[in-house]
$ cat data.cif   # mmCIF, C-alpha atoms
data_coords
loop_
_atom_site.label_atom_id
_atom_site.label_comp_id
_atom_site.auth_asym_id
_atom_site.auth_seq_id
_atom_site.Cartn_x
_atom_site.Cartn_y
_atom_site.Cartn_z
CA MET A 1 -13.98 -11.97 11.02
CA HIS A 2 -12.94 -15.26 12.68
CA GLU A 3 -11.71 -13.66 15.86
CA VAL A 4 -13.39 -16.06 18.28
CA SER A 5 -12.13 -19.23 16.62
CA VAL A 6 -8.63 -17.76 16.16
CA MET A 7 -8.69 -16.61 19.79
CA ALA A 8 -9.78 -20.05 20.98
CA GLY A 9 -6.65 -21.43 19.26
CA ILE A 10 -4.47 -18.77 20.85
CA VAL A 11 -5.79 -19.34 24.35
CA GLU A 12 -5.44 -23.11 24.02
CA ALA A 13 -1.82 -22.76 22.86
CA VAL A 14 -0.95 -20.24 25.57
CA LEU A 15 -2.45 -22.38 28.32
CA LYS A 16 -0.49 -25.38 27.05
CA HIS A 17 2.71 -23.34 27.00
CA LEU A 18 2.04 -22.17 30.57
CA GLU A 19 2.10 -25.77 31.79
CA ASN A 20 5.91 -25.60 31.48
CA TYR A 21 6.16 -22.85 34.09
CA ASP A 22 5.27 -22.37 37.73
CA VAL A 23 3.12 -19.30 37.39
CA GLU A 24 0.90 -17.66 39.96
CA LYS A 25 -0.78 -15.22 37.68
CA VAL A 26 -0.68 -14.08 34.06
CA GLU A 27 -0.78 -10.31 33.74
CA GLU A 28 -0.43 -9.77 30.00
CA VAL A 29 -0.37 -11.73 26.76
CA HIS A 30 1.37 -9.94 23.89
CA LEU A 31 0.13 -10.49 20.36
CA THR A 32 1.08 -9.01 17.01
CA ILE A 33 -1.49 -8.88 14.24
CA GLY A 34 -0.43 -8.40 10.63
CA GLU A 35 -1.94 -5.42 8.84
CA LEU A 36 -2.82 -7.73 5.96
CA THR A 37 -4.93 -10.10 8.05
CA ASN A 38 -8.63 -9.62 8.53
CA LEU A 39 -8.38 -9.85 12.30
CA GLY A 40 -9.75 -6.79 14.06
CA ALA A 41 -8.03 -5.67 17.28
CA ASP A 42 -11.26 -4.68 19.08
CA GLN A 43 -12.91 -7.98 18.21
CA MET A 44 -9.81 -9.87 19.34
CA VAL A 45 -9.90 -8.17 22.76
CA PHE A 46 -13.61 -8.93 23.06
CA ALA A 47 -13.04 -12.57 22.07
CA TYR A 48 -10.14 -12.80 24.55
CA GLU A 49 -12.35 -11.79 27.45
CA ILE A 50 -14.93 -14.40 26.54
CA VAL A 51 -12.61 -17.29 25.72
CA THR A 52 -10.40 -16.84 28.80
CA ARG A 53 -13.29 -16.98 31.28
CA GLY A 54 -12.77 -19.77 33.77
CA THR A 55 -9.13 -20.31 32.67
CA ALA A 56 -5.80 -19.29 34.19
CA LEU A 57 -5.82 -16.33 31.79
CA GLU A 58 -9.03 -14.81 33.11
CA GLY A 59 -8.52 -11.19 34.06
CA SER A 60 -5.26 -10.85 32.18
CA GLN A 61 -4.77 -8.19 29.55
CA LEU A 62 -4.34 -8.84 25.84
CA VAL A 63 -1.79 -6.38 24.46
CA ILE A 64 -1.96 -6.07 20.68
CA GLU A 65 0.63 -4.52 18.44
CA PRO A 66 0.27 -4.24 14.67
CA GLU A 67 2.75 -6.07 12.46
CA ALA A 68 3.65 -3.68 9.64
CA ILE A 69 3.62 -4.79 6.04
CA ALA A 70 7.03 -5.34 4.48
CA VAL A 71 7.61 -6.34 0.88
CA SER A 72 10.40 -7.45 -1.39
CA CYS A 73 10.32 -6.27 -5.01
CA ARG A 74 10.80 -8.92 -7.70
CA SER A 75 12.10 -6.34 -10.17
CA CYS A 76 14.37 -3.83 -8.44
CA GLY A 77 15.12 -5.64 -5.19
CA TYR A 78 13.55 -2.99 -2.94
CA GLN A 79 12.92 -4.26 0.55
CA GLY A 80 10.83 -2.42 3.10
CA GLU A 81 7.54 -0.71 3.77
CA VAL A 82 4.78 -0.02 1.28
CA ASP A 83 2.89 3.11 0.25
CA TYR A 84 -0.62 3.73 1.51
CA VAL A 85 -3.65 5.15 -0.29
CA GLU A 86 -5.17 7.83 1.87
CA ASN A 87 -8.19 8.28 -0.39
CA GLU A 88 -11.16 9.15 1.77
CA GLU A 89 -13.39 7.02 -0.47
CA PHE A 90 -11.68 3.99 1.02
CA HIS A 91 -12.42 5.22 4.56
CA ASN A 92 -9.27 3.54 5.83
CA SER A 93 -5.66 3.82 4.88
CA ILE A 94 -5.13 0.99 2.37
CA PRO A 95 -1.71 -0.48 1.65
CA VAL A 96 -0.50 -0.48 -1.94
CA LEU A 97 0.88 -3.91 -2.81
CA SER A 98 3.27 -2.79 -5.50
CA CYS A 99 6.85 -1.64 -5.21
CA PRO A 100 6.93 1.96 -3.90
CA ARG A 101 10.12 2.55 -5.90
CA CYS A 102 9.49 0.99 -9.33
CA GLN A 103 5.78 -0.03 -9.15
CA GLY A 104 6.83 -3.63 -9.84
CA SER A 105 5.35 -6.81 -8.39
CA VAL A 106 6.28 -7.61 -4.81
CA ASP A 107 6.36 -10.55 -2.42
CA VAL A 108 4.92 -9.90 1.01
CA VAL A 109 7.61 -10.51 3.63
CA SER A 110 5.58 -9.63 6.71
CA GLY A 111 2.10 -8.49 7.63
CA LYS A 112 0.18 -11.72 7.15
CA SER A 113 0.78 -13.31 10.55
CA CYS A 114 -0.94 -13.34 13.89
CA THR A 115 1.74 -14.18 16.43
CA VAL A 116 1.73 -14.69 20.18
CA ARG A 117 5.01 -13.05 21.18
CA SER A 118 5.21 -13.35 24.92
CA MET A 119 3.48 -13.34 28.28
CA ARG A 120 4.10 -11.21 31.35
CA VAL A 121 3.57 -13.39 34.41
CA VAL A 122 3.98 -13.40 38.16
CA GLU A 123 6.15 -16.36 39.19
CA ARG A 124 5.11 -18.44 42.13
CA MET I 1 8.48 -11.53 47.03
CA HIS I 2 6.84 -12.42 43.73
CA LYS I 3 8.85 -11.95 40.62
CA ILE I 4 7.34 -10.64 37.40
CA THR I 5 8.88 -12.21 34.37
CA GLU I 6 8.47 -12.44 30.61
CA ILE I 7 7.86 -15.74 28.85
CA GLY I 8 8.61 -15.78 25.12
CA MET I 9 6.47 -17.78 22.70
CA GLU I 10 6.65 -16.85 18.98
CA LEU I 11 3.59 -18.80 17.94
CA ASP I 12 2.01 -17.92 14.57
CA VAL I 13 -1.65 -18.67 15.07
CA LEU I 14 -2.43 -18.74 11.35
CA SER I 15 0.51 -21.04 10.64
CA GLU I 16 -1.49 -24.27 10.64
CA ASN I 17 -3.45 -23.27 7.53
CA LYS I 18 -0.24 -21.95 5.93
CA ARG I 19 1.51 -25.26 6.64
CA LEU I 20 -1.31 -27.28 5.06
CA ALA I 21 -1.43 -24.86 2.12
CA HIS I 22 2.28 -25.45 1.48
CA ARG I 23 1.66 -29.18 1.59
CA ASN I 24 -1.20 -28.88 -0.92
CA HIS I 25 1.02 -26.79 -3.16
CA HIS I 26 3.81 -29.36 -3.16
CA HIS I 27 1.31 -32.16 -3.70
CA LEU I 28 -0.17 -30.41 -6.75
CA GLN I 29 3.26 -29.50 -8.12
CA ASP I 30 4.49 -33.07 -7.71
CA HIS I 31 1.69 -34.15 -10.04
CA GLY I 32 2.33 -31.32 -12.49
CA VAL I 33 -1.02 -29.66 -11.79
CA ARG I 34 -1.40 -25.89 -12.31
CA SER I 35 -3.95 -24.59 -9.83
CA VAL I 36 -6.11 -21.49 -9.36
CA ASP I 37 -8.16 -20.43 -6.31
CA VAL I 38 -11.25 -18.70 -7.71
CA MET I 39 -12.65 -16.35 -5.08
CA GLY I 40 -15.32 -13.71 -5.49
CA SER I 41 -18.75 -12.42 -4.68
CA ILE I 42 -21.94 -14.43 -4.74
CA GLY I 43 -23.38 -14.37 -8.25
CA ALA I 44 -20.29 -12.85 -9.88
CA GLY I 45 -20.14 -15.79 -12.28
CA LYS I 46 -17.33 -17.85 -10.79
CA THR I 47 -18.77 -21.20 -11.86
CA ALA I 48 -19.70 -19.98 -15.33
CA LEU I 49 -16.19 -18.53 -15.75
CA ILE I 50 -14.53 -21.76 -14.66
CA ILE I 51 -16.68 -23.69 -17.14
CA ARG I 52 -15.88 -21.33 -20.04
CA LEU I 53 -12.16 -21.38 -19.25
CA ALA I 54 -12.28 -25.17 -18.91
CA GLU I 55 -13.92 -25.50 -22.33
CA LYS I 56 -11.10 -23.51 -23.87
CA LEU I 57 -8.42 -25.46 -22.01
CA ILE I 58 -10.00 -28.81 -22.89
CA ALA I 59 -10.02 -27.69 -26.55
CA LYS I 60 -6.25 -27.14 -26.20
CA GLY I 61 -5.92 -30.75 -25.04
CA LEU I 62 -5.55 -30.05 -21.32
CA ARG I 63 -7.31 -32.10 -18.66
CA VAL I 64 -9.29 -29.88 -16.31
CA ALA I 65 -10.55 -30.59 -12.81
CA ALA I 66 -12.39 -28.46 -10.31
CA ILE I 67 -13.36 -28.42 -6.67
CA ALA I 68 -16.79 -26.90 -6.16
CA GLY I 69 -16.73 -25.15 -2.80
CA ASP I 70 -20.10 -24.19 -1.39
CA VAL I 71 -21.71 -23.99 2.02
CA THR I 72 -24.20 -26.61 0.93
CA GLY I 73 -25.65 -28.30 -2.15
CA GLU I 74 -24.41 -29.74 -5.42
CA ASP I 75 -25.54 -27.09 -7.91
CA ASP I 76 -22.10 -25.88 -8.98
CA PHE I 77 -20.67 -29.38 -8.81
CA LYS I 78 -23.34 -30.63 -11.24
CA ARG I 79 -22.80 -27.67 -13.59
CA MET I 80 -19.09 -28.42 -13.71
CA ARG I 81 -19.55 -32.14 -14.18
CA ASN I 82 -22.10 -31.58 -16.95
CA ALA I 83 -19.50 -29.41 -18.70
CA GLY I 84 -17.03 -32.30 -18.80
CA ILE I 85 -14.89 -31.16 -15.89
CA LEU I 86 -13.58 -33.73 -13.44
CA ALA I 87 -15.33 -32.22 -10.43
CA VAL I 88 -15.33 -32.87 -6.70
CA ASN I 89 -17.96 -31.31 -4.46
CA CYS I 90 -16.78 -29.69 -1.25
CA ASN I 91 -19.48 -28.49 1.14
CA THR I 92 -18.20 -26.48 4.07
CA GLY I 93 -21.36 -27.05 6.14
CA LYS I 94 -21.25 -23.78 8.04
CA GLU I 95 -18.00 -22.14 7.09
CA CYS I 96 -17.94 -19.09 4.84
CA HIS I 97 -14.67 -20.02 3.10
CA LEU I 98 -12.61 -23.03 2.08
CA ASP I 99 -9.42 -23.72 3.98
CA ALA I 100 -6.32 -25.73 3.16
CA HIS I 101 -7.48 -28.67 5.26
CA MET I 102 -10.77 -29.02 3.36
CA VAL I 103 -8.91 -28.84 0.07
CA GLU I 104 -6.47 -31.50 1.19
CA HIS I 105 -9.40 -33.87 1.75
CA ALA I 106 -11.10 -32.88 -1.51
CA LEU I 107 -7.87 -33.73 -3.36
CA GLU I 108 -7.90 -37.22 -1.87
CA GLY I 109 -10.84 -38.05 -4.12
CA MET I 110 -9.07 -36.94 -7.29
CA ASP I 111 -6.64 -38.75 -9.59
CA LEU I 112 -4.14 -35.90 -9.98
CA ASP I 113 -2.10 -37.82 -12.55
CA ALA I 114 -5.09 -37.37 -14.85
CA VAL I 115 -5.24 -33.60 -14.27
CA ASP I 116 -3.32 -30.71 -15.84
CA VAL I 117 -5.31 -27.77 -14.48
CA LEU I 118 -7.27 -27.46 -11.25
CA PHE I 119 -9.75 -24.69 -10.45
CA ILE I 120 -10.85 -24.43 -6.85
CA GLU I 121 -14.07 -22.45 -6.59
CA ASN I 122 -14.19 -20.85 -3.17
CA VAL I 123 -17.38 -19.98 -1.29
CA GLY I 124 -18.92 -16.74 -2.60
CA ASN I 125 -17.54 -14.17 -0.17
CA LEU I 126 -15.31 -11.12 -0.53
CA VAL I 127 -13.94 -11.16 3.03
CA CYS I 128 -13.10 -14.46 4.67
CA PRO I 129 -11.27 -16.44 1.95
CA ALA I 130 -8.53 -13.78 1.93
CA ASP I 131 -6.90 -15.06 5.14
CA PHE I 132 -6.97 -18.71 4.08
CA PRO I 133 -4.63 -19.52 1.19
CA LEU I 134 -5.29 -23.00 -0.16
CA GLY I 135 -1.91 -23.72 -1.72
CA THR I 136 -2.79 -22.88 -5.33
CA ASP I 137 -0.32 -21.37 -7.80
CA LEU I 138 -2.58 -18.37 -8.28
CA ARG I 139 -5.41 -16.65 -6.47
CA MET I 140 -8.02 -14.88 -8.58
CA VAL I 141 -10.90 -12.69 -7.39
CA VAL I 142 -14.02 -12.34 -9.55
CA ILE I 143 -16.58 -9.55 -9.23
CA SER I 144 -19.24 -8.41 -11.67
CA VAL I 145 -20.77 -5.12 -12.73
CA THR I 146 -24.15 -5.88 -11.13
CA GLU I 147 -22.64 -5.65 -7.65
CA GLY I 148 -21.90 -1.96 -8.09
CA ASP I 149 -18.80 0.06 -8.80
CA ASP I 150 -17.62 0.22 -5.18
CA MET I 151 -16.54 -3.39 -4.66
CA VAL I 152 -12.81 -2.67 -4.47
CA ARG I 153 -13.07 0.17 -1.97
CA LYS I 154 -15.49 -1.88 0.15
CA HIS I 155 -13.35 -5.01 0.12
CA PRO I 156 -9.74 -3.98 -0.52
CA ASP I 157 -8.20 -6.90 1.38
CA ILE I 158 -9.26 -9.65 -0.99
CA PHE I 159 -7.85 -7.64 -3.92
CA LEU I 160 -4.58 -7.29 -2.02
CA HIS I 161 -4.46 -11.04 -1.46
CA SER I 162 -5.24 -11.96 -5.09
CA ASP I 163 -2.82 -12.32 -7.98
CA LEU I 164 -5.50 -11.50 -10.54
CA ALA I 165 -8.72 -9.49 -10.42
CA VAL I 166 -11.56 -10.03 -12.87
CA LEU I 167 -14.62 -7.89 -13.61
CA ASN I 168 -17.31 -10.03 -15.23
CA LYS I 169 -20.52 -9.15 -17.09
CA VAL I 170 -19.04 -6.01 -18.66
CA ASP I 171 -21.63 -6.39 -21.46
CA VAL I 172 -24.33 -5.51 -18.91
CA ALA I 173 -22.57 -2.39 -17.55
CA PRO I 174 -24.63 0.17 -19.54
CA TYR I 175 -27.88 -1.24 -18.15
CA VAL I 176 -26.90 -1.00 -14.48
CA ASP I 177 -25.26 2.46 -14.49
CA MET I 178 -21.90 0.94 -13.80
CA ASP I 179 -18.79 3.12 -14.08
CA ILE I 180 -16.12 0.53 -14.89
CA SER I 181 -13.34 3.09 -14.72
CA LEU I 182 -14.13 3.73 -11.05
CA VAL I 183 -13.55 0.06 -10.14
CA GLU I 184 -10.48 0.01 -12.33
CA ASN I 185 -9.00 3.12 -10.73
CA ASP I 186 -9.66 1.80 -7.23
CA TYR I 187 -8.01 -1.50 -8.07
CA MET I 188 -5.00 0.01 -9.78
CA SER I 189 -4.47 2.47 -6.95
CA ILE I 190 -3.69 -0.43 -4.61
CA ARG I 191 -2.14 -2.79 -7.22
CA ARG I 192 -0.10 -0.54 -9.49
CA ASP I 193 1.58 -3.48 -11.21
CA ARG I 194 -1.71 -5.16 -12.24
CA ILE I 195 -4.63 -4.67 -14.59
CA LEU I 196 -8.29 -5.34 -13.95
CA HIS I 197 -9.38 -8.03 -16.40
CA ARG I 198 -12.62 -6.96 -18.02
CA ILE I 199 -14.51 -9.99 -19.25
CA SER I 200 -17.91 -11.23 -20.28
CA VAL I 201 -18.44 -14.93 -19.76
CA LYS I 202 -21.66 -14.52 -21.77
CA ASN I 203 -20.11 -13.26 -25.00
CA GLY I 204 -16.52 -14.39 -24.45
CA ASP I 205 -14.89 -10.95 -24.27
CA GLY I 206 -11.53 -10.93 -22.51
CA LEU I 207 -11.34 -14.67 -21.89
CA GLU I 208 -8.35 -15.35 -24.12
CA GLU I 209 -6.41 -12.55 -22.45
CA LEU I 210 -7.37 -13.92 -19.05
CA LEU I 211 -6.17 -17.39 -20.03
CA GLY I 212 -2.87 -15.82 -21.01
CA ALA I 213 -2.60 -14.08 -17.66
CA LEU I 214 -3.26 -17.42 -15.96
CA GLY I 215 -0.30 -18.83 -17.85
CA PHE I 216 -2.08 -20.87 -20.56
#

$ encode --input "data.cif" --output "structure tokens"
Amino acid sequence: MHEVSVMAGIVEAVLKHLENYDVEKVEEVHLTIGELTNLGADQMVFAYEIVTRGTALEGSQLVIEPEAIAVSCRSCGYQGEVDYVENEEFHNSIPVLSCPRCQGSVDVVSGKSCTVRSMRVVER
Amino acid sequence: MHKITEIGMELDVLSENKRLAHRNHHHLQDHGVRSVDVMGSIGAGKTALIIRLAEKLIAKGLRVAAIAGDVTGEDDFKRMRNAGILAVNCNTGKECHLDAHMVEHALEGMDLDAVDVLFIENVGNLVCPADFPLGTDLRMVVISVTEGDDMVRKHPDIFLHSDLAVLNKVDVAPYVDMDISLVENDYMSIRRDRILHRISVKNGDGLEELLGALGF
């Protein structure tokens, strides 16, 4: 939903980080997107192409990997992945935010972030 | 020969809002304020619900404040103020949701030592507020029967991000062919540890139970 503004922040941060290196060309920027965010991968790639125009990142590829949801159960101590509802009424596979073991309340440990992991560059 | 190499970063792009949200949370806790982010659809009755809950809390001797978040205008702010709530207006201008930074500024205009409970009414929207926690103790999503019985399956994310879910205007359900059990089943299929709070702000049904769930 806010892919362009989020991407503008990413590109700004990546360009700033690049200032520390002597780089001829950036080939790839690797990003993980949490399954619990509302950031769409297709829209992020589209926003990347637009926002990087005229910058050192122009022409580079944005590589996106999903960050899986992991939870910690407040009742039984379960730690790990969640169940998914595969109901076709929902159209998508929807995570169940309750403990898959005891149905108790959980804290979300991962899946809410959007993280720039690394860059693949050609050194000068 | 050029060398291809990997540069590590580990930058969480959404971390700035999270950082400010944590700061808001500590700020509110330091002043002993219990806070609720009230999200939900346009016209679901968020303002009316806040006012009815505030009336009950004020009757219990608690001091209630609210931030009225809207794209523009003072309508909700005036409604809250006229109901005796210590209200601050927060217009986003263009944005479709509040964020932690806006709330931080809205709190600057509030004497938190004179507040026990704070409701933050988010902009009416079932998508965008989900990604922007404000630093409240609880996040509550409000929908109503007039929006149809498919709100959960259309907008699952905001229900995943909320601690409580409320279905308002249940008194009107028979007149709009609303199957409440459908919404309830959808909600409880993705939040097996929760219940959907059925309420009517109009006739008061379910409000005491909701207050209990909010910790009052």

$ resolve_selection --input "data.cif" --expression "the PyMOL selection byres ((chain I) within 10 of (chain A))" --output "NGL selection string"
:I and (1-15 or 18 or 127-132 or 150 or 152-161 or 163 or 186-194)

$ write_last_selection --input "data.cif" --atoms "C-alpha atoms" --output "PDB file, in the coordinates of the input"
ATOM      1  CA  MET I   1       8.480 -11.530  47.030  1.00  0.00           C
ATOM      2  CA  HIS I   2       6.840 -12.420  43.730  1.00  0.00           C
ATOM      3  CA  LYS I   3       8.850 -11.950  40.620  1.00  0.00           C
ATOM      4  CA  ILE I   4       7.340 -10.640  37.400  1.00  0.00           C
ATOM      5  CA  THR I   5       8.880 -12.210  34.370  1.00  0.00           C
ATOM      6  CA  GLU I   6       8.470 -12.440  30.610  1.00  0.00           C
ATOM      7  CA  ILE I   7       7.860 -15.740  28.850  1.00  0.00           C
ATOM      8  CA  GLY I   8       8.610 -15.780  25.120  1.00  0.00           C
ATOM      9  CA  MET I   9       6.470 -17.780  22.700  1.00  0.00           C
ATOM     10  CA  GLU I  10       6.650 -16.850  18.980  1.00  0.00           C
ATOM     11  CA  LEU I  11       3.590 -18.800  17.940  1.00  0.00           C
ATOM     12  CA  ASP I  12       2.010 -17.920  14.570  1.00  0.00           C
ATOM     13  CA  VAL I  13      -1.650 -18.670  15.070  1.00  0.00           C
ATOM     14  CA  LEU I  14      -2.430 -18.740  11.350  1.00  0.00           C
ATOM     15  CA  SER I  15       0.510 -21.040  10.640  1.00  0.00           C
ATOM     16  CA  LYS I  18      -0.240 -21.950   5.930  1.00  0.00           C
ATOM     17  CA  VAL I 127     -13.940 -11.160   3.030  1.00  0.00           C
ATOM     18  CA  CYS I 128     -13.100 -14.460   4.670  1.00  0.00           C
ATOM     19  CA  PRO I 129     -11.270 -16.440   1.950  1.00  0.00           C
ATOM     20  CA  ALA I 130      -8.530 -13.780   1.930  1.00  0.00           C
ATOM     21  CA  ASP I 131      -6.900 -15.060   5.140  1.00  0.00           C
ATOM     22  CA  PHE I 132      -6.970 -18.710   4.080  1.00  0.00           C
ATOM     23  CA  ASP I 150     -17.620   0.220  -5.180  1.00  0.00           C
ATOM     24  CA  VAL I 152     -12.810  -2.670  -4.470  1.00  0.00           C
ATOM     25  CA  ARG I 153     -13.070   0.170  -1.970  1.00  0.00           C
ATOM     26  CA  LYS I 154     -15.490  -1.880   0.150  1.00  0.00           C
ATOM     27  CA  HIS I 155     -13.350  -5.010   0.120  1.00  0.00           C
ATOM     28  CA  PRO I 156      -9.740  -3.980  -0.520  1.00  0.00           C
ATOM     29  CA  ASP I 157      -8.200  -6.900   1.380  1.00  0.00           C
ATOM     30  CA  ILE I 158      -9.260  -9.650  -0.990  1.00  0.00           C
ATOM     31  CA  PHE I 159      -7.850  -7.640  -3.920  1.00  0.00           C
ATOM     32  CA  LEU I 160      -4.580  -7.290  -2.020  1.00  0.00           C
ATOM     33  CA  HIS I 161      -4.460 -11.040  -1.460  1.00  0.00           C
ATOM     34  CA  ASP I 163      -2.820 -12.320  -7.980  1.00  0.00           C
ATOM     35  CA  ASP I 186      -9.660   1.800  -7.230  1.00  0.00           C
ATOM     36  CA  TYR I 187      -8.010  -1.500  -8.070  1.00  0.00           C
ATOM     37  CA  MET I 188      -5.000   0.010  -9.780  1.00  0.00           C
ATOM     38  CA  SER I 189      -4.470   2.470  -6.950  1.00  0.00           C
ATOM     39  CA  ILE I 190      -3.690  -0.430  -4.610  1.00  0.00           C
ATOM     40  CA  ARG I 191      -2.140  -2.790  -7.220  1.00  0.00           C
ATOM     41  CA  ARG I 192      -0.100  -0.540  -9.490  1.00  0.00           C
ATOM     42  CA  ASP I 193       1.580  -3.480 -11.210  1.00  0.00           C
ATOM     43  CA  ARG I 194      -1.710  -5.160 -12.240  1.00  0.00           C
TER      44      ARG I 194
END

$ residues_around --input "data.cif" --residues "stretch 41-46 of chain A" --least-positions-apart "2" --cutoff "8 Å" --atoms "only C-alpha atoms" --output "PyMOL selection string"
chain A and resi 3-4+7+33+39+48-50+62+64

$ resolve_selection --input "data.cif" --expression "the PyMOL selection byres ((chain A and resi 81) around 9)" --output "ChimeraX atom specification"
/A:68-72,79-80,82-83,100

$ closest_residue --input "data.cif" --among "I:Lys78, I:Lys202, I:Arg139, I:Arg34" --to "I:Ala48" --atoms "only C-alpha atoms"
I:Lys202

$ residues_around --input "data.cif" --residues "I:Ala173" --least-positions-apart "6" --cutoff "9 Å" --atoms "only C-alpha atoms" --output "VMD selection string"
chain I and resid 145 to 146 179 to 180

$ closest_residue --input "data.cif" --among "I:Leu211, I:Val183, I:Ala66, I:Ile120" --to "I:Leu167" --atoms "only C-alpha atoms"
I:Val183

$ residues_around --input "data.cif" --residues "stretch 92-107 of chain I" --least-positions-apart "6" --cutoff "12 Å" --atoms "only C-alpha atoms" --output "PyMOL selection string"
(chain A and resi 1-2+5) or (chain I and resi 14-28+31+33+35+37-42+65-74+86+113+115+118-136)

$ decode --input "data.cif" --residues "stretch 9-15 of chain A" --atoms "all heavy atoms" --output "compact mmCIF listing (two decimals), in the first residue's frame"
# COMPACT_ATOMS: atom_id res chain seq x y z
N GLY A 9 12.53 5.34 1.07
CA GLY A 9 13.36 5.23 2.28
C GLY A 9 14.45 4.19 2.11
O GLY A 9 15.59 4.39 2.53
N ILE A 10 14.11 3.08 1.47
CA ILE A 10 15.09 2.01 1.24
C ILE A 10 16.22 2.50 0.35
O ILE A 10 17.40 2.35 0.66
CB ILE A 10 14.41 0.78 0.58
CG1 ILE A 10 13.48 0.10 1.57
CG2 ILE A 10 15.46 -0.19 0.05
CD1 ILE A 10 12.65 -1.01 0.96
N VAL A 11 15.84 3.12 -0.77
CA VAL A 11 16.84 3.56 -1.74
C VAL A 11 17.76 4.62 -1.13
O VAL A 11 18.98 4.58 -1.30
CB VAL A 11 16.14 4.07 -3.02
CG1 VAL A 11 17.12 4.78 -3.94
CG2 VAL A 11 15.49 2.89 -3.76
N GLU A 12 17.16 5.52 -0.36
CA GLU A 12 17.96 6.56 0.29
C GLU A 12 18.99 5.92 1.24
O GLU A 12 20.17 6.27 1.23
CB GLU A 12 17.03 7.50 1.06
CG GLU A 12 17.73 8.74 1.59
CD GLU A 12 16.80 9.59 2.44
OE1 GLU A 12 15.56 9.47 2.31
OE2 GLU A 12 17.33 10.37 3.26
N ALA A 13 18.53 4.94 2.03
CA ALA A 13 19.41 4.29 3.00
C ALA A 13 20.50 3.48 2.30
O ALA A 13 21.66 3.48 2.71
CB ALA A 13 18.60 3.39 3.92
N VAL A 14 20.13 2.81 1.21
CA VAL A 14 21.10 1.99 0.48
C VAL A 14 22.17 2.87 -0.17
O VAL A 14 23.37 2.59 -0.10
CB VAL A 14 20.39 1.11 -0.59
CG1 VAL A 14 21.40 0.49 -1.54
CG2 VAL A 14 19.57 0.02 0.08
N LEU A 15 21.73 3.97 -0.75
CA LEU A 15 22.69 4.88 -1.40
C LEU A 15 23.66 5.45 -0.37
O LEU A 15 24.85 5.60 -0.62
CB LEU A 15 21.95 6.01 -2.13
CG LEU A 15 21.21 5.61 -3.41
CD1 LEU A 15 20.35 6.76 -3.92
CD2 LEU A 15 22.19 5.14 -4.48
